[in-house]
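Next comes protein-v2.cif, with mmCIF, C-alpha atoms and all ligand atoms.
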data_structure
#
loop_
_atom_site.label_atom_id
_atom_site.label_comp_id
_atom_site.auth_asym_id
_atom_site.auth_seq_id
_atom_site.Cartn_x
_atom_site.Cartn_y
_atom_site.Cartn_z
CA MET I 1 23.00 1.20 -20.93
CA THR I 2 24.50 -0.84 -18.17
CA GLY I 3 24.78 -4.09 -20.10
CA PHE I 4 22.72 -6.13 -17.64
CA ARG I 5 20.97 -9.34 -18.62
CA HIS I 6 17.63 -10.47 -17.23
CA SER I 7 19.24 -13.82 -16.37
CA ASP I 8 22.00 -12.24 -14.25
CA ALA I 9 21.86 -12.99 -10.54
CA GLY I 10 21.00 -9.34 -9.89
CA THR I 11 20.49 -7.55 -6.59
CA ALA I 12 18.39 -9.61 -4.20
CA GLU I 13 15.22 -8.04 -2.85
CA VAL I 14 16.52 -8.45 0.71
CA VAL I 15 19.44 -6.16 -0.16
CA TRP I 16 16.99 -3.39 -1.06
CA GLN I 17 14.91 -3.72 2.09
CA PRO I 18 16.82 -1.35 4.44
CA PHE I 19 16.99 1.27 1.67
CA LEU I 20 13.26 0.96 1.02
CA ASP I 21 12.39 0.99 4.72
CA ALA I 22 14.17 4.33 5.03
CA ALA I 23 12.32 5.91 2.10
CA PRO I 24 9.78 8.55 3.13
CA THR I 25 6.13 7.66 2.69
CA VAL I 26 3.76 9.58 0.49
CA HIS I 27 0.03 8.94 0.35
CA PHE I 28 -2.47 9.74 -2.31
CA GLY I 29 -3.80 12.60 -0.20
CA ASP I 30 -0.45 14.26 -0.72
CA LEU I 31 -1.31 14.43 -4.41
CA PRO I 32 -4.07 17.02 -4.28
CA HIS I 33 -7.06 16.99 -6.62
CA VAL I 34 -6.13 13.92 -8.59
CA GLN I 35 -8.99 13.37 -10.99
CA ARG I 36 -6.95 12.17 -13.91
CA ALA I 37 -3.69 10.22 -13.90
CA LEU I 38 -1.40 9.38 -16.80
CA VAL I 39 0.79 6.28 -16.68
CA VAL I 40 3.34 5.78 -19.47
CA ALA I 41 4.97 2.41 -20.15
CA PRO I 42 7.60 1.53 -22.77
CA HIS I 43 6.43 -2.09 -23.05
CA PRO I 44 3.44 -4.18 -22.04
CA ASP I 45 4.15 -5.25 -18.41
CA ASP I 46 5.98 -2.06 -17.30
CA GLU I 47 2.62 -0.50 -16.35
CA SER I 48 1.82 -3.41 -14.01
CA LEU I 49 5.32 -3.90 -12.61
CA GLY I 50 6.10 -0.23 -12.06
CA ALA I 51 2.74 1.28 -11.21
CA GLY I 52 0.06 -1.45 -11.03
CA GLY I 53 -0.64 -0.67 -7.38
CA VAL I 54 -1.21 3.04 -7.84
CA ILE I 55 -3.25 2.42 -11.00
CA ALA I 56 -5.52 0.04 -9.07
CA SER I 57 -5.77 2.51 -6.17
CA TRP I 58 -6.73 5.38 -8.44
CA SER I 59 -9.25 3.27 -10.31
CA ALA I 60 -10.80 2.24 -7.00
CA ALA I 61 -11.09 5.95 -6.17
CA LYS I 62 -12.84 6.63 -9.50
CA VAL I 63 -9.84 8.55 -10.80
CA GLU I 64 -9.60 8.46 -14.60
CA VAL I 65 -6.38 6.66 -15.48
CA ASP I 66 -4.89 6.67 -18.97
CA VAL I 67 -2.25 4.02 -19.57
CA VAL I 68 -0.09 4.56 -22.65
CA VAL I 69 1.97 1.56 -23.75
CA CYS I 70 4.44 2.84 -26.31
CA SER I 71 5.38 -0.45 -28.01
CA ASP I 72 3.89 -3.92 -28.23
CA GLY I 73 7.09 -5.48 -26.92
CA GLU I 74 7.65 -7.62 -30.03
CA SER I 75 11.45 -7.63 -29.69
CA ALA I 76 11.68 -9.20 -26.24
CA ARG I 77 13.49 -12.18 -27.82
CA PRO I 78 16.49 -11.09 -29.93
CA GLY I 79 16.89 -13.03 -33.18
CA ALA I 80 13.25 -14.03 -33.45
CA SER I 81 11.74 -14.31 -36.97
CA ALA I 82 9.39 -11.65 -38.29
CA ALA I 83 6.48 -14.05 -37.90
CA ALA I 84 7.46 -14.82 -34.33
CA ARG I 85 7.69 -11.11 -33.56
CA ARG I 86 4.22 -10.47 -35.01
CA HIS I 87 2.87 -13.32 -32.95
CA LEU I 88 4.54 -12.02 -29.79
CA ALA I 89 3.23 -8.49 -30.42
CA GLN I 90 -0.33 -9.81 -30.61
CA ARG I 91 0.13 -11.97 -27.55
CA ARG I 92 1.53 -9.09 -25.49
CA ALA I 93 -1.21 -6.75 -26.71
CA ASP I 94 -3.76 -9.25 -25.39
CA GLU I 95 -1.83 -9.61 -22.13
CA VAL I 96 -1.69 -5.88 -21.43
CA GLY I 97 -5.40 -5.60 -22.21
CA ALA I 98 -6.12 -8.26 -19.60
CA ALA I 99 -3.71 -6.64 -17.14
CA VAL I 100 -5.41 -3.26 -17.43
CA ASP I 101 -8.77 -4.99 -16.87
CA ALA I 102 -7.31 -6.58 -13.73
CA LEU I 103 -6.29 -3.14 -12.46
CA SER I 104 -9.69 -1.58 -13.19
CA ALA I 105 -11.96 -1.26 -10.18
CA ARG I 106 -14.56 1.50 -9.94
CA ALA I 107 -13.38 3.45 -12.99
CA PRO I 108 -12.20 1.48 -16.05
CA VAL I 109 -8.55 2.16 -16.83
CA GLN I 110 -8.19 3.45 -20.41
CA LEU I 111 -5.45 1.75 -22.44
CA GLN I 112 -3.72 3.28 -25.46
CA ARG I 113 -1.30 1.11 -27.42
CA TRP I 114 0.90 3.19 -29.67
CA GLY I 115 2.66 0.33 -31.48
CA LEU I 116 6.02 2.10 -31.79
CA PRO I 117 9.03 -0.13 -32.54
CA ASP I 118 10.16 -2.12 -29.52
CA GLY I 119 13.90 -1.78 -28.96
CA ARG I 120 14.08 1.40 -31.04
CA LEU I 121 12.10 3.87 -28.96
CA GLU I 122 15.18 6.07 -28.60
CA ARG I 123 14.63 7.00 -32.26
CA CYS I 124 11.09 8.11 -31.42
CA GLY I 125 11.97 10.68 -28.73
CA VAL I 126 10.46 13.70 -30.49
CA GLU I 127 7.29 11.84 -31.49
CA LEU I 128 6.89 10.48 -27.98
CA ARG I 129 7.29 13.88 -26.37
CA GLU I 130 4.87 15.55 -28.79
CA ARG I 131 2.22 12.86 -28.38
CA LEU I 132 2.62 12.78 -24.60
CA ALA I 133 2.45 16.56 -24.13
CA PRO I 134 -1.36 16.99 -24.40
CA LEU I 135 -1.95 13.93 -22.20
CA VAL I 136 0.49 15.27 -19.63
CA ALA I 137 -1.18 18.68 -19.72
CA ALA I 138 -4.56 17.08 -18.95
CA ALA I 139 -3.26 14.95 -16.06
CA ASP I 140 -3.02 15.77 -12.34
CA VAL I 141 -0.20 13.29 -11.87
CA VAL I 142 2.18 11.66 -14.34
CA VAL I 143 3.83 8.27 -13.84
CA ALA I 144 6.64 7.27 -16.21
CA PRO I 145 9.74 5.08 -16.32
CA TRP I 146 12.83 6.39 -14.57
CA PRO I 147 15.33 7.43 -17.27
CA GLY I 148 18.17 5.99 -15.18
CA ASP I 149 16.69 2.49 -15.49
CA GLY I 150 19.49 1.24 -17.74
CA HIS I 151 17.24 0.07 -20.62
CA PRO I 152 17.35 2.25 -23.77
CA ASP I 153 13.57 2.12 -24.32
CA HIS I 154 12.90 2.98 -20.67
CA GLU I 155 15.39 5.84 -20.86
CA ALA I 156 13.82 7.19 -24.08
CA VAL I 157 10.26 7.09 -22.74
CA GLY I 158 11.33 8.49 -19.36
CA LEU I 159 13.14 11.41 -21.00
CA ALA I 160 10.18 12.03 -23.34
CA ALA I 161 7.85 12.18 -20.32
CA ARG I 162 10.19 14.62 -18.58
CA GLY I 163 10.27 16.71 -21.75
CA ALA I 164 6.47 16.67 -22.03
CA VAL I 165 6.14 17.75 -18.39
CA ALA I 166 8.61 20.58 -19.04
CA VAL I 167 6.97 21.89 -22.24
CA SER I 168 3.46 21.74 -20.81
CA ASN I 169 4.64 23.60 -17.71
CA THR I 170 2.27 21.52 -15.62
CA PRO I 171 2.35 21.55 -11.81
CA ALA I 172 1.50 17.82 -11.86
CA PRO I 173 3.92 15.64 -9.88
CA LEU I 174 6.06 13.29 -11.97
CA LEU I 175 6.61 9.89 -10.37
CA GLU I 176 9.31 7.81 -12.07
CA TYR I 177 9.36 4.06 -11.57
CA PRO I 178 12.50 1.95 -11.85
CA ILE I 179 12.05 -1.54 -13.29
CA TRP I 180 15.42 -2.98 -14.27
CA ALA I 181 17.37 -0.82 -11.82
CA TRP I 182 15.98 -2.99 -9.00
CA HIS I 183 17.74 -5.87 -10.78
CA TRP I 184 21.13 -4.41 -11.77
CA ALA I 185 21.60 -1.39 -9.50
CA THR I 186 22.37 -1.30 -5.78
CA PRO I 187 21.12 0.91 -2.94
CA GLU I 188 24.44 2.78 -3.11
CA LEU I 189 23.83 3.68 -6.76
CA LEU I 190 20.40 5.14 -5.94
CA ALA I 191 21.59 6.92 -2.80
CA GLY I 192 21.87 10.26 -4.62
CA ASP I 193 18.25 10.14 -5.83
CA THR I 194 15.12 10.87 -3.85
CA VAL I 195 12.99 7.74 -3.67
CA ILE I 196 9.53 7.81 -2.08
CA GLY I 197 7.28 4.91 -1.11
CA VAL I 198 3.54 4.86 -1.75
CA PRO I 199 1.81 2.27 0.47
CA LEU I 200 -0.63 -0.03 -1.30
CA SER I 201 -3.84 -1.35 0.20
CA PRO I 202 -4.26 -5.14 0.26
CA SER I 203 -6.74 -4.92 -2.61
CA ALA I 204 -4.32 -2.81 -4.67
CA GLN I 205 -1.59 -5.37 -4.00
CA ARG I 206 -3.90 -8.17 -5.13
CA ALA I 207 -4.87 -6.31 -8.29
CA LYS I 208 -1.21 -5.66 -9.08
CA ALA I 209 -0.32 -9.32 -8.64
CA ALA I 210 -3.24 -10.31 -10.88
CA ALA I 211 -2.11 -7.82 -13.54
CA ILE I 212 1.48 -9.07 -13.47
CA ALA I 213 0.18 -12.63 -13.80
CA CYS I 214 -1.49 -11.63 -17.09
CA HIS I 215 1.94 -11.09 -18.67
CA GLU I 216 2.52 -14.80 -19.06
CA SER I 217 4.84 -14.37 -22.07
CA GLN I 218 7.31 -12.56 -19.80
CA HIS I 219 7.42 -14.89 -16.80
CA GLY I 220 6.60 -18.27 -18.33
CA GLY I 221 8.84 -20.71 -20.23
CA ASP I 222 12.37 -21.98 -19.70
CA ASP I 223 14.15 -18.63 -19.92
CA PRO I 224 11.70 -16.07 -18.57
CA ILE I 225 12.42 -12.36 -19.12
CA LEU I 226 11.11 -11.90 -15.57
CA PRO I 227 12.66 -14.72 -13.52
CA PRO I 228 11.44 -15.17 -9.93
CA ALA I 229 14.26 -13.06 -8.45
CA VAL I 230 13.24 -10.12 -10.66
CA GLN I 231 9.54 -10.60 -9.94
CA ALA I 232 10.31 -10.44 -6.21
CA HIS I 233 10.95 -6.69 -6.57
CA PHE I 234 7.34 -6.20 -7.62
CA ARG I 235 5.59 -7.94 -4.72
CA ARG I 236 6.25 -5.12 -2.25
CA SER I 237 3.49 -3.61 -0.13
CA GLU I 238 4.56 -0.21 -1.47
CA GLU I 239 5.49 1.15 -4.87
CA PHE I 240 8.64 3.24 -5.00
CA PHE I 241 9.24 6.19 -7.29
CA VAL I 242 12.15 8.48 -8.00
CA VAL I 243 11.14 12.14 -7.73
CA ASP I 244 12.92 15.40 -8.42
CA ASP I 245 12.89 18.46 -6.16
CA ARG I 246 9.99 20.06 -8.05
CA THR I 247 7.78 17.03 -7.47
CA LEU I 248 9.03 16.61 -3.90
CA GLY I 249 7.97 20.21 -3.25
CA THR I 250 4.38 19.26 -4.17
CA LEU I 251 4.36 16.32 -1.74
CA THR I 252 4.57 16.08 2.03
CA PRO I 253 6.35 12.85 2.93
CA LEU I 254 5.75 11.86 6.54
CA PRO I 255 7.75 9.84 9.01
CA ARG I 256 6.09 6.47 9.52
CA SER I 257 3.88 5.86 12.56
CA SER I 258 3.39 9.53 13.48
CA PRO I 259 -0.24 10.57 14.22
CA GLU I 260 -0.07 12.69 11.07
CA PHE I 261 0.89 9.55 9.15
CA PHE I 262 -2.42 7.91 10.04
CA GLU I 263 -4.47 11.04 9.41
CA HIS I 264 -2.91 11.34 5.96
CA LEU I 265 -3.41 7.67 5.30
CA TYR I 266 -7.15 8.03 5.87
CA ARG I 267 -7.48 11.36 4.12
CA SER I 268 -5.59 10.07 1.13
CA THR I 269 -7.66 6.94 0.67
CA PRO I 270 -10.81 8.07 -1.12
CA SER I 271 -12.85 5.15 0.23
CA GLY I 272 -11.78 6.26 3.74
CA ASP I 273 -10.62 2.72 4.43
CA PRO I 274 -6.88 2.29 3.70
CA TRP I 275 -6.85 -1.35 4.78
CA ASP I 276 -10.17 -2.38 3.18
CA PHE I 277 -11.51 -3.24 6.63
CA ASP I 278 -15.08 -3.38 5.39
CA VAL I 279 -14.59 -5.77 2.48
CA SER I 280 -11.48 -7.80 3.29
CA ASP I 281 -12.25 -11.44 4.12
CA ALA I 282 -9.18 -11.61 6.37
CA GLU I 283 -10.35 -8.61 8.37
CA GLN I 284 -13.87 -9.97 8.67
CA ALA I 285 -12.44 -13.30 9.89
CA ARG I 286 -10.45 -11.40 12.52
CA TYR I 287 -13.59 -9.63 13.73
CA ASP I 288 -15.41 -12.97 13.86
CA ALA I 289 -12.59 -14.43 15.95
CA VAL I 290 -12.56 -11.47 18.35
CA GLU I 291 -16.32 -11.83 18.78
CA GLN I 292 -15.95 -15.55 19.47
CA THR I 293 -13.55 -14.84 22.34
CA LEU I 294 -16.29 -12.76 23.97
CA GLY I 295 -18.79 -15.62 23.92
CA THR I 296 -22.21 -14.84 25.34
CA ARG I 297 -20.98 -12.62 28.15
CA ARG I 298 -22.64 -9.21 28.29
CA PHE I 299 -20.16 -6.42 29.01
CA ARG I 300 -20.81 -3.18 30.79
CA ARG I 301 -18.14 -0.92 29.38
CA ALA I 302 -15.71 -1.65 26.53
CA ILE I 303 -12.69 0.40 25.51
CA GLU I 304 -11.37 -0.04 21.99
CA ILE I 305 -8.03 1.52 21.09
CA GLY I 306 -7.48 2.39 17.42
CA CYS I 307 -11.05 1.86 16.23
CA ALA I 308 -10.19 2.98 12.67
CA THR I 309 -13.30 2.85 10.48
CA GLY I 310 -15.45 1.35 13.24
CA GLU I 311 -16.04 -2.09 11.76
CA LEU I 312 -15.08 -3.90 14.96
CA THR I 313 -16.64 -1.15 17.09
CA ARG I 314 -20.02 -1.87 15.54
CA ARG I 315 -19.67 -5.54 16.41
CA LEU I 316 -18.48 -4.81 19.97
CA ALA I 317 -21.61 -2.73 20.50
CA ALA I 318 -23.60 -5.96 20.28
CA HIS I 319 -21.69 -7.31 23.29
CA ALA I 320 -21.41 -4.23 25.50
CA ALA I 321 -23.77 -1.61 26.85
CA GLN I 322 -21.19 1.09 26.24
CA VAL I 323 -18.21 1.21 23.86
CA VAL I 324 -15.61 3.98 24.09
CA ALA I 325 -13.75 3.79 20.77
CA VAL I 326 -10.61 5.89 20.35
CA ASP I 327 -8.66 6.85 17.25
CA SER I 328 -6.20 9.62 16.50
CA SER I 329 -7.51 10.20 12.99
CA ALA I 330 -10.48 12.56 12.54
CA SER I 331 -10.95 11.18 9.03
CA ALA I 332 -11.15 7.61 10.33
CA LEU I 333 -13.71 8.66 12.94
CA ARG I 334 -15.92 10.25 10.31
CA VAL I 335 -16.08 6.88 8.56
CA ALA I 336 -16.57 5.15 11.93
CA ALA I 337 -19.52 7.44 12.71
CA ALA I 338 -21.20 6.29 9.51
CA THR I 339 -20.33 2.65 10.21
CA CYS I 340 -21.85 2.82 13.72
CA ARG I 341 -24.76 5.17 13.02
CA ASP I 342 -27.40 2.50 13.58
CA VAL I 343 -26.02 1.06 16.83
CA GLY I 344 -26.42 2.53 20.27
CA GLY I 345 -23.97 2.94 23.14
CA VAL I 346 -20.96 3.87 21.01
CA GLU I 347 -18.85 6.90 21.89
CA LEU I 348 -16.26 7.74 19.25
CA ARG I 349 -13.44 9.82 20.64
CA GLN I 350 -10.56 11.47 18.82
CA GLY I 351 -7.22 11.54 20.57
CA HIS I 352 -4.15 9.63 21.58
CA ALA I 353 -4.61 7.00 24.23
CA PRO I 354 -4.04 7.31 27.14
CA ASP I 355 -4.09 11.15 27.00
CA CYS I 356 -7.64 11.13 25.71
CA PHE I 357 -9.10 9.24 28.68
CA ARG I 358 -11.35 11.06 31.11
CA SER I 359 -11.73 10.62 34.83
CA ASP I 360 -14.95 8.64 34.38
CA ASP I 361 -13.35 6.15 31.99
CA VAL I 362 -13.10 3.53 34.73
CA ASP I 363 -14.47 0.07 35.49
CA ALA I 364 -14.02 -1.21 31.97
CA ASP I 365 -14.76 -4.91 31.75
CA LEU I 366 -13.58 -5.30 28.14
CA VAL I 367 -10.51 -3.82 26.46
CA VAL I 368 -9.75 -4.48 22.80
CA LEU I 369 -6.46 -3.68 21.11
CA SER I 370 -6.71 -4.83 17.51
CA GLU I 371 -4.19 -4.05 14.74
CA VAL I 372 -2.78 -1.09 16.60
CA GLY I 373 -0.27 -2.27 19.22
CA TYR I 374 2.60 -2.61 16.80
CA TYR I 375 2.58 1.05 15.89
CA PHE I 376 3.90 1.90 19.39
CA SER I 377 7.37 1.49 20.80
CA ALA I 378 7.57 -1.24 23.47
CA ASP I 379 7.81 1.34 26.28
CA THR I 380 4.87 3.41 25.04
CA LEU I 381 2.77 0.29 24.51
CA ALA I 382 3.56 -0.97 28.03
CA ASP I 383 2.57 2.44 29.48
CA LEU I 384 -0.70 2.37 27.55
CA VAL I 385 -1.52 -1.18 28.66
CA ARG I 386 -0.83 -0.32 32.33
CA GLU I 387 -3.07 2.74 32.00
CA LEU I 388 -5.84 0.55 30.58
CA ALA I 389 -5.35 -1.97 33.35
CA ASP I 390 -5.77 0.85 35.88
CA ARG I 391 -9.11 1.70 34.31
CA SER I 392 -10.43 -1.86 34.37
CA ALA I 393 -12.62 -3.77 36.79
CA PRO I 394 -11.98 -7.27 38.25
CA GLY I 395 -12.90 -9.90 35.67
CA CYS I 396 -12.04 -7.53 32.81
CA ILE I 397 -11.16 -9.24 29.55
CA PHE I 398 -8.29 -7.86 27.48
CA VAL I 399 -8.27 -8.97 23.83
CA ALA I 400 -5.29 -8.32 21.53
CA ALA I 401 -5.42 -9.21 17.82
CA HIS I 402 -2.57 -8.49 15.44
CA TRP I 403 -1.44 -9.46 11.96
CA THR I 404 1.71 -11.60 12.01
CA GLY I 405 3.05 -10.37 8.65
CA SER I 406 5.71 -7.70 8.37
CA SER I 407 5.11 -4.11 7.36
CA PRO I 408 7.61 -1.27 7.10
CA ASP I 409 5.11 0.83 9.07
CA HIS I 410 5.20 -1.40 12.15
CA VAL I 411 7.54 -0.65 15.04
CA LEU I 412 7.02 -4.07 16.67
CA ASP I 413 6.02 -7.45 15.25
CA ALA I 414 2.87 -9.21 16.44
CA ASP I 415 4.63 -11.64 18.80
CA THR I 416 6.60 -8.86 20.48
CA THR I 417 3.45 -6.76 20.75
CA HIS I 418 1.64 -9.56 22.55
CA SER I 419 4.50 -10.31 24.92
CA VAL I 420 4.78 -6.62 25.84
CA ILE I 421 1.04 -6.61 26.58
CA ALA I 422 1.28 -9.82 28.62
CA SER I 423 4.04 -8.56 30.87
CA ALA I 424 2.56 -5.07 31.28
CA LEU I 425 -0.82 -6.57 32.28
CA GLY I 426 0.37 -9.41 34.49
CA TRP I 427 -3.13 -10.90 34.19
CA THR I 428 -4.22 -14.49 33.70
CA HIS I 429 -3.72 -15.69 30.13
CA ARG I 430 -7.00 -17.24 28.99
CA SER I 431 -6.43 -18.22 25.38
CA SER I 432 -4.18 -17.89 22.39
CA GLY I 433 -5.17 -18.53 18.81
CA ALA I 434 -4.49 -17.82 15.18
CA VAL I 435 -6.98 -16.82 12.50
CA GLY I 436 -5.33 -16.79 9.13
CA ALA I 437 -2.31 -14.54 9.56
CA HIS I 438 -3.65 -12.97 12.76
CA ARG I 439 -2.73 -13.82 16.33
CA ILE I 440 -5.34 -13.37 19.03
CA ASP I 441 -4.65 -13.51 22.78
CA VAL I 442 -7.03 -13.06 25.67
CA TRP I 443 -6.16 -12.19 29.26
CA GLU I 444 -8.44 -11.80 32.29
CA GLN I 445 -7.95 -9.61 35.32
CA PRO I 446 -7.83 -11.93 38.33
ZN ZN Q 1 10.12 -2.55 -20.33
#
Would you mind writing the file's structure down as structure tokens?
Ligand SMILES: [Zn+2]
Amino acid sequence: MTGFRHSDAGTAEVVWQPFLDAAPTVHFGDLPHVQRALVVAPHPDDESLGAGGVIASWSAAKVEVDVVVCSDGESARPGASAAARRHLAQRRADEVGAAVDALSARAPVQLQRWGLPDGRLERCGVELRERLAPLVAAADVVVAPWPGDGHPDHEAVGLAARGAVAVSNTPAPLLEYPIWAWHWATPELLAGDTVIGVPLSPSAQRAKAAAIACHESQHGGDDPILPPAVQAHFRRSEEFFVVDDRTLGTLTPLPRSSPEFFEHLYRSTPSGDPWDFDVSDAEQARYDAVEQTLGTRRFRRAIEIGCATGELTRRLAAHAAQVVAVDSSASALRVAAATCRDVGGVELRQGHAPDCFRSDDVDADLVVLSEVGYYFSADTLADLVRELADRSAPGCIFVAAHWTGSSPDHVLDADTTHSVIASALGWTHRSSGAVGAHRIDVWEQP
């Protein structure tokens, strides 16, 4: 026990950022054959705070997820009367039920509430381990609190989960989530542990936020258990887990922005669409805006770099006789082939631009670079843009569209991406606009 209080100033989220940015990335595809996941939480809210994003992702992928909440969290307020504790237990039971519903997508998440005594779980270590063992044995991946979290209940449940993994001799990875350590610990204190980041899709992030919002008893009122500075640790675009060497050996963390990174990202997202391109309103608005910049002009030959799942490709095919759409990920292109199966004139090509271009890829009169420029270094991006310019015809339109938010996966931000493109092209700037959190610029070859 570290003696922290929820109302302490704690470690600001910004202090964690460099540490988190350096953490290796692991995708769901690195967790082979996940059909059943077990998530263990000491109290109602730990499941949403620590693992809401991966729960939502698994549910969306039709993975069976069992969530075990060991106590009803009745002792969150020391000194409360017995009646008040009973009332709080019921309230938190309702809240965790709603939270699990919020995390359920394609497969309903199964909730078990064990009702063990909140604040005294360390006395229940043997019972916890024995009850968890068969659930652990049936799971392909186990998610539990990190025993180093500094809260006795979290330590007890984390150690019981480790014990259950050990006695069942399962090969399943064990992902351990810190909760309170983000508040009281520092990056230096976690430097000796292996921490991995699991990127969350926008829909998983939304589901997690909705689930956390269900735990009103913990973040409402004058003295919230989860004040805003603590909640800030749980709005990340990734979830971070402590792993031991055994689990690390079952995973293949990848450096960010490598071609393998993207291939894994697609392979590991069961829907084949890591960014929810097909259903996200923001993405659809971006496609609408790109189409609007094209107007009624009919293009001869379009080149699209980073076509991903082909959503924009399909739309571009309505404006151009021929679309050459390039992506480095074979998995993405399989989805793109399905997306574009009913439109003509689309050639999907796997490779890294500009190496993948052929000698007859010339006279393009439309080039589209959407949501991809910021994965390159400035020099590489400038080289690519000059190569595209060399393959274009007079009057060619170059459209760039990029999200202006920040992501640990991006090498450049949107503004820098667009200024690199502008100076590498040296063309006439036609228009600049914003759609939601996306910036769209259009240049024309003079
Ligand atoms: Zn807790």
Report the distance between atom CA of Leu312 of chain I and atom CA of Val26 of chain I in Å, rounded to one decimal place.
27.3 Å
Using all atoms listed in the file, find each residue with an atom at most 10 Å away from ligand ZN 1 (chain Q) and format the answer as a PDB file with C-alpha atoms, in the frame of the given file.
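Result written to out_26.pdb:
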ATOM      1  CA  ALA I  41       4.970   2.410 -20.150  1.00  0.00           C
ATOM      2  CA  PRO I  42       7.600   1.530 -22.770  1.00  0.00           C
ATOM      3  CA  HIS I  43       6.430  -2.090 -23.050  1.00  0.00           C
ATOM      4  CA  PRO I  44       3.440  -4.180 -22.040  1.00  0.00           C
ATOM      5  CA  ASP I  45       4.150  -5.250 -18.410  1.00  0.00           C
ATOM      6  CA  ASP I  46       5.980  -2.060 -17.300  1.00  0.00           C
ATOM      7  CA  GLU I  47       2.620  -0.500 -16.350  1.00  0.00           C
ATOM      8  CA  LEU I  49       5.320  -3.900 -12.610  1.00  0.00           C
ATOM      9  CA  GLY I  50       6.100  -0.230 -12.060  1.00  0.00           C
ATOM     10  CA  VAL I  69       1.970   1.560 -23.750  1.00  0.00           C
ATOM     11  CA  CYS I  70       4.440   2.840 -26.310  1.00  0.00           C
ATOM     12  CA  SER I  71       5.380  -0.450 -28.010  1.00  0.00           C
ATOM     13  CA  GLY I  73       7.090  -5.480 -26.920  1.00  0.00           C
ATOM     14  CA  ALA I  76      11.680  -9.200 -26.240  1.00  0.00           C
ATOM     15  CA  ASP I 118      10.160  -2.120 -29.520  1.00  0.00           C
ATOM     16  CA  GLY I 119      13.900  -1.780 -28.960  1.00  0.00           C
ATOM     17  CA  PRO I 145       9.740   5.080 -16.320  1.00  0.00           C
ATOM     18  CA  ASP I 149      16.690   2.490 -15.490  1.00  0.00           C
ATOM     19  CA  HIS I 151      17.240   0.070 -20.620  1.00  0.00           C
ATOM     20  CA  PRO I 152      17.350   2.250 -23.770  1.00  0.00           C
ATOM     21  CA  ASP I 153      13.570   2.120 -24.320  1.00  0.00           C
ATOM     22  CA  HIS I 154      12.900   2.980 -20.670  1.00  0.00           C
ATOM     23  CA  GLU I 155      15.390   5.840 -20.860  1.00  0.00           C
ATOM     24  CA  VAL I 157      10.260   7.090 -22.740  1.00  0.00           C
ATOM     25  CA  PRO I 178      12.500   1.950 -11.850  1.00  0.00           C
ATOM     26  CA  ILE I 179      12.050  -1.540 -13.290  1.00  0.00           C
ATOM     27  CA  TRP I 180      15.420  -2.980 -14.270  1.00  0.00           C
TER      28      TRP I 180
END
Considering all atoms listed in the file, return as a PyMOL selection string whatever protein or nucleic-acid residues lie within 9 Å of Val435 of chain I, sequence-local ones (same chain, fewer than 5 positions apart) excluded.
chain I and resi 282+285-286+289+440
Around all of segment 71-74 of chain I's listed atoms, make the axis-aligned box with 4 Å on each side and tell me centre and edge lengths in Å to one decimal, as AutoDock Vina command-line options.
--center_x 5.8 --center_y -4.0 --center_z -28.5 --size_x 11.8 --size_y 15.2 --size_z 11.1
As an mmCIF file with C-alpha atoms, in the coordinates of the input, please: the residues near segment 85-102 of chain I (cut-off 8 Å, all atoms listed in the file, same-chain neighbours under 2 positions excluded).
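Final file, selection.cif:
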data_model
loop_
_atom_site.group_PDB
_atom_site.id
_atom_site.type_symbol
_atom_site.label_atom_id
_atom_site.label_comp_id
_atom_site.auth_asym_id
_atom_site.auth_seq_id
_atom_site.Cartn_x
_atom_site.Cartn_y
_atom_site.Cartn_z
ATOM 1 C CA PRO I 44 3.440 -4.180 -22.040
ATOM 2 C CA ASP I 45 4.150 -5.250 -18.410
ATOM 3 C CA SER I 48 1.820 -3.410 -14.010
ATOM 4 C CA ASP I 72 3.890 -3.920 -28.230
ATOM 5 C CA GLY I 73 7.090 -5.480 -26.920
ATOM 6 C CA GLU I 74 7.650 -7.620 -30.030
ATOM 7 C CA SER I 75 11.450 -7.630 -29.690
ATOM 8 C CA ALA I 80 13.250 -14.030 -33.450
ATOM 9 C CA SER I 81 11.740 -14.310 -36.970
ATOM 10 C CA ALA I 82 9.390 -11.650 -38.290
ATOM 11 C CA ALA I 83 6.480 -14.050 -37.900
ATOM 12 C CA SER I 104 -9.690 -1.580 -13.190
ATOM 13 C CA ALA I 105 -11.960 -1.260 -10.180
ATOM 14 C CA PRO I 108 -12.200 1.480 -16.050
ATOM 15 C CA VAL I 109 -8.550 2.160 -16.830
ATOM 16 C CA GLN I 110 -8.190 3.450 -20.410
ATOM 17 C CA LEU I 111 -5.450 1.750 -22.440
ATOM 18 C CA ARG I 113 -1.300 1.110 -27.420
ATOM 19 C CA ALA I 207 -4.870 -6.310 -8.290
ATOM 20 C CA LYS I 208 -1.210 -5.660 -9.080
ATOM 21 C CA ALA I 210 -3.240 -10.310 -10.880
ATOM 22 C CA ALA I 211 -2.110 -7.820 -13.540
ATOM 23 C CA ILE I 212 1.480 -9.070 -13.470
ATOM 24 C CA ALA I 213 0.180 -12.630 -13.800
ATOM 25 C CA CYS I 214 -1.490 -11.630 -17.090
ATOM 26 C CA HIS I 215 1.940 -11.090 -18.670
ATOM 27 C CA GLU I 216 2.520 -14.800 -19.060
ATOM 28 C CA SER I 217 4.840 -14.370 -22.070
#
Dump as a PyMOL selection string all residues having an atom at most 12 Å from (-12.1, -12.2, 10.0), computed in the file's coordinates with all atoms listed in the file.
chain I and resi 277-292+311-312+315+370+401-403+434-440
